[in-house]
>>> print(open('input_36.txt').read())   # compact mmCIF, C-alpha atoms
# COMPACT_ATOMS: atom_id res chain seq x y z
CA MET A 10 5.96 30.70 11.77
CA TYR A 11 5.77 28.51 8.66
CA PRO A 12 3.14 29.10 5.93
CA LYS A 13 0.76 26.14 6.05
CA ASN A 14 -0.07 26.20 2.34
CA ILE A 15 3.61 25.89 1.36
CA MET A 16 4.03 22.90 3.68
CA GLU A 17 0.92 21.23 2.24
CA VAL A 18 2.14 21.59 -1.34
CA PHE A 19 5.70 20.51 -0.52
CA ALA A 20 4.56 17.46 1.49
CA SER A 21 2.02 16.31 -1.09
CA PRO A 22 2.53 12.80 -2.54
CA LYS A 23 2.94 14.26 -6.04
CA ASN A 24 5.79 16.54 -4.96
CA LEU A 25 7.46 13.90 -2.79
CA VAL A 26 7.53 11.39 -5.63
CA LYS A 27 9.16 14.07 -7.78
CA LEU A 28 11.81 14.69 -5.11
CA LEU A 29 12.47 10.98 -4.61
CA LYS A 30 12.87 10.40 -8.34
CA ARG A 31 15.75 12.86 -8.41
CA ASP A 32 17.80 10.20 -6.67
CA LEU A 33 19.24 7.60 -9.05
CA GLN A 34 18.42 4.84 -6.53
CA PHE A 35 14.68 5.56 -6.64
CA ASN A 36 13.73 2.35 -8.46
CA GLN A 37 15.83 0.31 -6.03
CA PHE A 38 14.16 1.60 -2.87
CA CYS A 39 10.65 2.69 -3.94
CA VAL A 40 7.89 0.32 -5.07
CA GLU A 41 4.35 1.26 -6.04
CA GLU A 42 1.85 -1.17 -4.50
CA HIS A 43 -1.88 -1.70 -4.81
CA LEU A 44 -4.19 -2.97 -2.06
CA LYS A 45 -7.69 -4.24 -2.63
CA LYS A 46 -10.56 -3.27 -0.37
CA GLY A 47 -10.34 -5.39 2.79
CA ASP A 48 -6.61 -6.09 2.56
CA THR A 49 -4.83 -5.71 5.92
CA LEU A 50 -1.16 -5.14 6.65
CA MET A 51 0.19 -5.81 10.15
CA LEU A 52 3.30 -3.88 11.25
CA ASP A 53 5.43 -3.68 14.36
CA SER A 54 8.39 -1.67 15.69
CA LYS A 55 10.76 -3.52 13.34
CA ASN A 56 9.11 -2.04 10.26
CA LYS A 57 11.72 -0.56 7.91
CA PHE A 58 9.44 1.09 5.38
CA PHE A 59 7.64 4.38 4.88
CA TYR A 60 4.23 4.25 3.18
CA MET A 61 3.04 7.18 1.12
CA LEU A 62 -0.66 7.04 0.28
CA GLU A 63 -1.53 8.25 -3.22
CA SER A 64 -5.20 7.27 -3.43
CA GLY A 65 -7.84 5.50 -1.36
CA TYR A 66 -8.77 5.29 2.31
CA LEU A 67 -7.21 3.25 5.11
CA LYS A 68 -8.30 2.35 8.62
CA GLU A 69 -5.29 2.68 10.89
CA THR A 70 -5.45 0.79 14.19
CA TYR A 71 -2.97 1.33 16.99
CA THR A 72 -2.72 -1.03 19.95
CA ASP A 73 -1.10 0.60 22.99
CA ILE A 74 0.77 -0.98 25.93
CA LEU A 75 -2.53 -1.48 27.79
CA ASN A 76 -3.93 -3.37 24.77
CA ILE A 77 -6.36 -0.51 24.05
CA GLN A 78 -7.05 0.09 20.39
CA PHE A 79 -7.43 3.43 18.63
CA HIS A 80 -8.93 3.60 15.15
CA LEU A 81 -8.36 6.37 12.63
CA ILE A 82 -9.13 6.93 8.97
CA VAL A 83 -6.24 8.06 6.78
CA LYS A 84 -6.55 9.61 3.33
CA PRO A 85 -4.11 11.41 1.01
CA PRO A 86 -2.10 13.57 1.48
CA HIS A 87 -1.59 12.22 5.01
CA PHE A 88 0.73 9.31 5.74
CA PRO A 89 -0.51 6.07 7.33
CA ILE A 90 2.75 5.79 9.28
CA PHE A 91 5.34 8.51 9.75
CA ALA A 92 7.75 7.96 12.62
CA THR A 93 9.46 11.28 13.39
CA THR A 94 12.26 9.36 15.11
CA GLU A 95 13.50 5.82 14.49
CA GLU A 96 12.44 4.84 18.02
CA GLU A 97 8.88 6.08 17.56
CA MET A 98 7.44 3.17 15.60
CA PRO A 99 4.51 1.68 17.58
CA GLU A 100 4.66 -1.89 18.86
CA SER A 101 1.57 -2.91 16.94
CA ILE A 102 -0.33 -1.28 14.11
CA SER A 103 -2.62 -2.54 11.38
CA LEU A 104 -3.64 -0.87 8.13
CA THR A 105 -6.88 -2.01 6.51
CA ALA A 106 -7.91 -0.82 3.06
CA LEU A 107 -11.44 0.63 3.21
CA THR A 108 -11.33 1.11 -0.56
CA ASP A 109 -8.87 0.09 -3.24
CA VAL A 110 -5.60 1.78 -2.31
CA ARG A 111 -2.47 2.82 -4.18
CA TRP A 112 0.66 3.72 -2.25
CA TRP A 113 4.44 3.88 -2.46
CA LYS A 114 6.41 1.53 -0.23
CA ILE A 115 9.70 3.32 0.43
CA ASP A 116 12.79 2.21 2.31
CA PHE A 117 12.86 4.42 5.41
CA GLN A 118 16.62 5.09 5.28
CA PHE A 119 16.37 6.10 1.62
CA PHE A 120 13.43 8.39 2.39
CA LYS A 121 15.37 9.99 5.24
CA LYS A 122 18.41 10.52 3.02
CA VAL A 123 16.34 12.30 0.37
CA LEU A 124 14.65 14.55 2.94
CA TYR A 125 18.00 15.58 4.38
CA SER A 126 19.07 16.88 0.97
CA GLU A 127 15.76 18.06 -0.53
CA ASP A 128 13.88 19.38 2.50
CA PRO A 129 16.27 21.53 4.58
CA ARG A 130 13.35 23.38 6.22
CA SER A 131 11.76 20.07 7.33
CA TYR A 132 8.43 20.95 5.74
CA VAL A 133 7.46 17.28 5.41
CA VAL A 134 8.11 16.47 9.08
CA LEU A 135 6.41 19.66 10.28
CA HIS A 136 3.38 19.00 8.09
CA ASN A 137 3.06 15.53 9.58
CA LEU A 138 3.47 16.83 13.14
CA LEU A 139 0.62 19.29 12.58
CA PHE A 140 -1.58 16.43 11.37
CA VAL A 141 -0.66 14.25 14.37
CA LYS A 142 -1.32 17.17 16.71
CA SER A 143 -4.85 17.59 15.33
CA ARG A 144 -5.53 13.84 15.55
CA LEU A 145 -4.37 13.68 19.15
CA TYR A 146 -6.56 16.67 20.04
CA GLU A 147 -9.58 14.95 18.48
CA LEU A 148 -8.86 11.72 20.39
CA VAL A 149 -8.54 13.60 23.70
CA VAL A 150 -11.76 15.50 23.07
CA LYS A 151 -13.61 12.31 22.16
CA ASP A 152 -12.23 10.45 25.18
CA ARG A 153 -13.91 12.99 27.50
CA MET A 154 -17.33 12.56 25.90
CA GLU A 155 -20.16 10.21 26.73
CA ALA A 156 -20.79 7.37 24.29
CA ALA A 157 -23.65 9.10 22.44
CA ASP A 158 -21.65 12.28 21.96
CA ARG A 159 -18.68 10.28 20.66
CA ILE A 160 -20.91 8.89 17.92
CA TYR A 161 -22.33 12.33 17.05
CA TYR A 162 -18.82 13.80 17.01
CA THR A 163 -17.48 11.00 14.81
CA LEU A 164 -20.30 11.41 12.30
CA LEU A 165 -19.55 15.13 12.07
CA GLN A 166 -15.84 14.38 11.63
CA LEU A 167 -16.69 12.08 8.73
CA LEU A 168 -18.25 15.00 6.86
CA ASP A 169 -14.68 15.86 5.90
CA ILE A 170 -14.65 12.84 3.56
CA SER A 171 -18.33 12.90 2.65
CA LEU A 172 -20.20 14.20 -0.39
CA VAL A 173 -22.17 17.39 0.27
CA THR A 174 -25.55 16.97 -1.40
CA GLY A 175 -27.29 20.10 -0.14
CA LYS A 176 -26.99 23.07 2.19
CA ASN A 177 -27.72 20.86 5.20
CA ARG A 178 -27.23 17.36 3.82
CA ALA A 179 -24.40 14.98 3.04
CA GLU A 180 -23.72 11.46 1.83
CA PHE A 181 -21.23 9.37 3.79
CA PRO A 182 -18.60 7.15 2.10
CA ARG A 183 -19.95 3.73 1.10
CA PHE A 184 -17.47 1.99 3.40
CA LEU A 185 -19.09 3.46 6.53
CA ASP A 186 -21.04 0.82 8.48
CA TYR A 187 -22.02 0.13 12.10
CA THR A 188 -18.82 -1.73 12.94
CA LEU A 189 -16.48 0.96 11.58
CA LEU A 190 -18.46 3.76 13.21
CA ALA A 191 -18.41 1.94 16.56
CA GLU A 192 -14.63 1.48 16.29
CA LEU A 193 -14.01 5.12 15.42
CA ALA A 194 -16.26 6.27 18.26
CA SER A 195 -14.88 3.73 20.79
CA THR A 196 -18.34 2.34 21.53
CA SER A 197 -19.99 -1.05 21.18
CA ARG A 198 -21.64 -2.01 17.92
CA SER A 199 -24.95 -2.77 19.64
CA TYR A 200 -25.09 0.69 21.22
CA THR A 201 -24.19 2.28 17.88
CA VAL A 202 -27.04 0.44 16.16
CA THR A 203 -29.48 1.61 18.84
CA LEU A 204 -28.38 5.25 18.73
CA LEU A 205 -28.48 5.42 14.94
CA GLY A 206 -32.00 4.04 15.13
CA GLU A 207 -32.89 7.08 17.23
CA LEU A 208 -31.32 9.39 14.65
CA ARG A 209 -33.36 7.69 11.93
CA GLY A 210 -36.50 8.19 14.00
CA LYS A 211 -35.77 11.93 14.20
CA GLY A 212 -35.25 12.15 10.46
CA ILE A 213 -31.59 13.06 10.85
CA LEU A 214 -30.04 9.97 9.30
CA VAL A 215 -30.92 7.43 6.59
CA THR A 216 -29.17 4.05 6.82
CA HIS A 217 -31.50 1.56 5.13
CA LYS A 218 -29.11 1.32 2.16
CA LYS A 219 -25.59 2.40 1.16
CA PRO A 220 -24.40 5.05 1.13
CA TRP A 221 -25.75 6.38 4.41
CA LYS A 222 -27.21 9.88 4.20
CA LEU A 223 -27.16 12.66 6.76
CA GLU A 224 -30.38 14.57 6.19
CA ASP A 225 -29.98 17.29 8.82
CA ILE A 226 -26.42 18.34 9.69
CA ALA A 227 -27.60 21.22 11.89
CA ALA A 228 -29.79 18.91 13.99
CA LEU A 229 -26.87 16.53 14.55
CA ARG A 230 -24.64 19.43 15.66
CA ALA A 231 -27.42 20.59 18.01
CA LEU A 232 -27.49 17.14 19.65
CA LEU A 233 -23.74 17.26 20.22
CA PHE A 234 -23.64 20.79 21.59
CA LYS A 235 -26.82 20.72 23.65
CA GLU A 236 -26.47 21.68 27.31
CA LYS A 237 -25.81 18.68 29.54
>>> encode(input="input_36.txt", output="structure tokens")
Amino acid sequence: MYPKNIMEVFASPKNLVKLLKRDLQFNQFCVEEHLKKGDTLMLDSKNKFFYMLESGYLKETYTDILNIQFHLIVKPPHFPIFATTEEEMPESISLTALTDVRWWKIDFQFFKKVLYSEDPRSYVVLHNLLFVKSRLYELVVKDRMEAADRIYYTLLQLLDISLVTGKNRAEFPRFLDYTLLAELASTSRSYTVTLLGELRGKGILVTHKKPWKLEDIAALRALLFKEK
């Protein structure tokens, strides 16, 4: 078994930049880029770059072979795209900046070369695989839920990137709105608006202005885990 904390430190953007800079070709193959909120980058299977997120939040949208879309939020230290094999790159993916974003755009072959020499235990790949495993589990769990539960579950997931303002309260990121929540929960926007109206009526949620506030975390969890 590998110690998780060592993998997290080794695979952090700060450490990876340090490793990449050891190579004299760093400036030739690595470029720091800035995205403004709302900027979108479309990629396909021919993409030749690795993107390492240093700050900000992205919405990552996959489109599968059945033209079904899956939406995820990515934040540091996780990678918006990390193909474990060269054949793994999805046919269609878009990255949308939910906030201002700073990342490193790195030639994939250069990145692979550095990992071969600097990461013999494959901590970076293993760390990413653990993250992908958890994301896939969450998607499978959500897929088996009814629409209302998917929204409850997504709101609780978002607590991970929210500001805790009390023992039972939290403040969601300012970029959260009805459209994004509906996408993350795989529901329609109209249904999301209706359900959140019910949560407001119960005093669980406040959405009349940004940022949205969750006033009763325990009550939201009770709605999700109530007997069906």
>>> atom_distance(input="input_36.txt", atom1="CA of Leu33 (chain A)", atom2="CA of Ser131 (chain A)")
21.9 Å
>>> residues_around(input="input_36.txt", residues="region 135-146 of chain A", least_positions_apart="2", cutoff="7 Å", atoms="all atoms listed in the file", output="list in words")
Met16, Glu17, Ala20, Ser131, Tyr132, Val133, Leu148, Val149 and Val150 of chain A
>>> closest_atom_pairs(input="input_36.txt", of="region 174-220 of chain A", to="region 228-235 of chain A", cutoff="10 Å", atoms="all atoms listed in the file", output="JSON lines")
{"residue": "A:Asn177", "atom": "CA", "partner": "A:Ala228", "partner_atom": "CA", "distance": 9.2}
{"residue": "A:Leu208", "atom": "CA", "partner": "A:Leu229", "partner_atom": "CA", "distance": 8.4}
{"residue": "A:Lys211", "atom": "CA", "partner": "A:Ala228", "partner_atom": "CA", "distance": 9.2}
{"residue": "A:Gly212", "atom": "CA", "partner": "A:Ala228", "partner_atom": "CA", "distance": 9.4}
{"residue": "A:Ile213", "atom": "CA", "partner": "A:Ala228", "partner_atom": "CA", "distance": 6.9}
{"residue": "A:Leu214", "atom": "CA", "partner": "A:Leu229", "partner_atom": "CA", "distance": 9.0}
>>> residues_around(input="input_36.txt", residues="Glu63 (chain A)", least_positions_apart="6", cutoff="7 Å", atoms="only C-alpha atoms", output="PyMOL selection string")
chain A and resi 22+85+111-112
>>> write_last_selection(input="input_36.txt", atoms="C-alpha atoms", output="PDB file, in the coordinates of the input")
ATOM      1  CA  PRO A  22       2.530  12.800  -2.540  1.00  0.00           C
ATOM      2  CA  PRO A  85      -4.110  11.410   1.010  1.00  0.00           C
ATOM      3  CA  ARG A 111      -2.470   2.820  -4.180  1.00  0.00           C
ATOM      4  CA  TRP A 112       0.660   3.720  -2.250  1.00  0.00           C
TER       5      TRP A 112
END
>>> residues_around(input="input_36.txt", residues="Ala157 (chain A)", least_positions_apart="6", cutoff="12 Å", atoms="only C-alpha atoms", output="number ranges by chain")
A: 151, 163-164, 190-191, 194-197, 200-205, 207-208, 229, 232-234
>>> closest_residue(input="input_36.txt", among="A:His87, A:Glu41, A:Gln34, A:Gly65", to="Val18 (chain A)", atoms="only C-alpha atoms")
A:His87
>>> closest_residue(input="input_36.txt", among="A:Ser199, A:Tyr71, A:Leu193, A:Asp225", to="Lys176 (chain A)", atoms="only C-alpha atoms")
A:Asp225
>>> atom_distance(input="input_36.txt", atom1="CA of Ala227 (chain A)", atom2="CA of Val173 (chain A)")
13.4 Å
>>> closest_residue(input="input_36.txt", among="A:Val134, A:Leu189, A:Leu28, A:Leu124", to="Thr70 (chain A)", atoms="all atoms listed in the file")
A:Leu189
>>> residues_around(input="input_36.txt", residues="Gly47 (chain A)", least_positions_apart="6", cutoff="7 Å", atoms="all atoms listed in the file", output="ChimeraX atom specification")
/A:105-107
>>> closest_residue(input="input_36.txt", among="A:Asn14, A:Ser54, A:Ser21, A:Asn36", to="Phe119 (chain A)", atoms="only C-alpha atoms")
A:Asn36
>>> closest_residue(input="input_36.txt", among="A:Ile90, A:Tyr60, A:Thr108, A:Glu69", to="Asp48 (chain A)", atoms="all atoms listed in the file")
A:Thr108
>>> atom_distance(input="input_36.txt", atom1="CA of Val26 (chain A)", atom2="CA of Arg130 (chain A)")
17.8 Å
>>> residues_near_point(input="input_36.txt", point="(6.6, 1.8, 0.1)", cutoff="10 Å", atoms="only C-alpha atoms", output="list in words")
Phe38, Cys39, Val40, Glu41, Glu42, Lys57, Phe58, Phe59, Tyr60, Met61, Leu62, Trp112, Trp113, Lys114, Ile115, Asp116, Phe117 and Phe120 of chain A
>>> closest_residue(input="input_36.txt", among="A:Asp158, A:Glu180, A:Gly175, A:His80", to="Thr216 (chain A)", atoms="all atoms listed in the file")
A:Glu180
>>> residues_around(input="input_36.txt", residues="Lys219 (chain A)", least_positions_apart="6", cutoff="12 Å", atoms="all atoms listed in the file", output="ChimeraX atom specification")
/A:180-187
>>> decode(input="input_36.txt", residues="region 221-236 of chain A", atoms="N, CA and C atoms", output="PDB file, in the first residue's frame")
ATOM      1  N   TRP A 221     -25.050  31.855  -2.634  1.00  0.00           N
ATOM      2  CA  TRP A 221     -26.099  31.076  -2.014  1.00  0.00           C
ATOM      3  C   TRP A 221     -25.627  30.569  -0.658  1.00  0.00           C
ATOM      4  N   LYS A 222     -26.588  30.430   0.270  1.00  0.00           N
ATOM      5  CA  LYS A 222     -26.246  29.986   1.623  1.00  0.00           C
ATOM      6  C   LYS A 222     -27.069  28.755   2.008  1.00  0.00           C
ATOM      7  N   LEU A 223     -26.389  27.775   2.543  1.00  0.00           N
ATOM      8  CA  LEU A 223     -27.036  26.583   3.070  1.00  0.00           C
ATOM      9  C   LEU A 223     -27.205  26.799   4.563  1.00  0.00           C
ATOM     10  N   GLU A 224     -28.448  26.942   5.000  1.00  0.00           N
ATOM     11  CA  GLU A 224     -28.728  27.311   6.384  1.00  0.00           C
ATOM     12  C   GLU A 224     -28.867  26.112   7.310  1.00  0.00           C
ATOM     13  N   ASP A 225     -29.078  24.920   6.753  1.00  0.00           N
ATOM     14  CA  ASP A 225     -29.298  23.743   7.595  1.00  0.00           C
ATOM     15  C   ASP A 225     -28.752  22.510   6.880  1.00  0.00           C
ATOM     16  N   ILE A 226     -27.456  22.245   7.090  1.00  0.00           N
ATOM     17  CA  ILE A 226     -26.805  21.110   6.437  1.00  0.00           C
ATOM     18  C   ILE A 226     -27.435  19.799   6.875  1.00  0.00           C
ATOM     19  N   ALA A 227     -27.726  19.666   8.158  1.00  0.00           N
ATOM     20  CA  ALA A 227     -28.305  18.423   8.691  1.00  0.00           C
ATOM     21  C   ALA A 227     -29.655  18.121   8.051  1.00  0.00           C
ATOM     22  N   ALA A 228     -30.468  19.152   7.838  1.00  0.00           N
ATOM     23  CA  ALA A 228     -31.790  18.949   7.233  1.00  0.00           C
ATOM     24  C   ALA A 228     -31.654  18.487   5.787  1.00  0.00           C
ATOM     25  N   LEU A 229     -30.667  19.023   5.063  1.00  0.00           N
ATOM     26  CA  LEU A 229     -30.440  18.601   3.681  1.00  0.00           C
ATOM     27  C   LEU A 229     -30.003  17.142   3.648  1.00  0.00           C
ATOM     28  N   ARG A 230     -29.101  16.756   4.551  1.00  0.00           N
ATOM     29  CA  ARG A 230     -28.665  15.350   4.613  1.00  0.00           C
ATOM     30  C   ARG A 230     -29.858  14.444   4.948  1.00  0.00           C
ATOM     31  N   ALA A 231     -30.741  14.908   5.823  1.00  0.00           N
ATOM     32  CA  ALA A 231     -31.908  14.101   6.199  1.00  0.00           C
ATOM     33  C   ALA A 231     -32.811  13.865   4.987  1.00  0.00           C
ATOM     34  N   LEU A 232     -32.942  14.871   4.124  1.00  0.00           N
ATOM     35  CA  LEU A 232     -33.759  14.708   2.916  1.00  0.00           C
ATOM     36  C   LEU A 232     -33.150  13.664   1.989  1.00  0.00           C
ATOM     37  N   LEU A 233     -31.830  13.653   1.879  1.00  0.00           N
ATOM     38  CA  LEU A 233     -31.166  12.705   1.000  1.00  0.00           C
ATOM     39  C   LEU A 233     -31.250  11.275   1.521  1.00  0.00           C
ATOM     40  N   PHE A 234     -31.100  11.118   2.828  1.00  0.00           N
ATOM     41  CA  PHE A 234     -31.035   9.778   3.406  1.00  0.00           C
ATOM     42  C   PHE A 234     -32.344   9.290   4.015  1.00  0.00           C
ATOM     43  N   LYS A 235     -33.427  10.023   3.748  1.00  0.00           N
ATOM     44  CA  LYS A 235     -34.716   9.564   4.271  1.00  0.00           C
ATOM     45  C   LYS A 235     -35.117   8.250   3.617  1.00  0.00           C
ATOM     46  N   GLU A 236     -35.906   7.459   4.317  1.00  0.00           N
ATOM     47  CA  GLU A 236     -36.362   6.175   3.759  1.00  0.00           C
ATOM     48  C   GLU A 236     -37.280   6.419   2.589  1.00  0.00           C
TER      49      GLU A 236
END
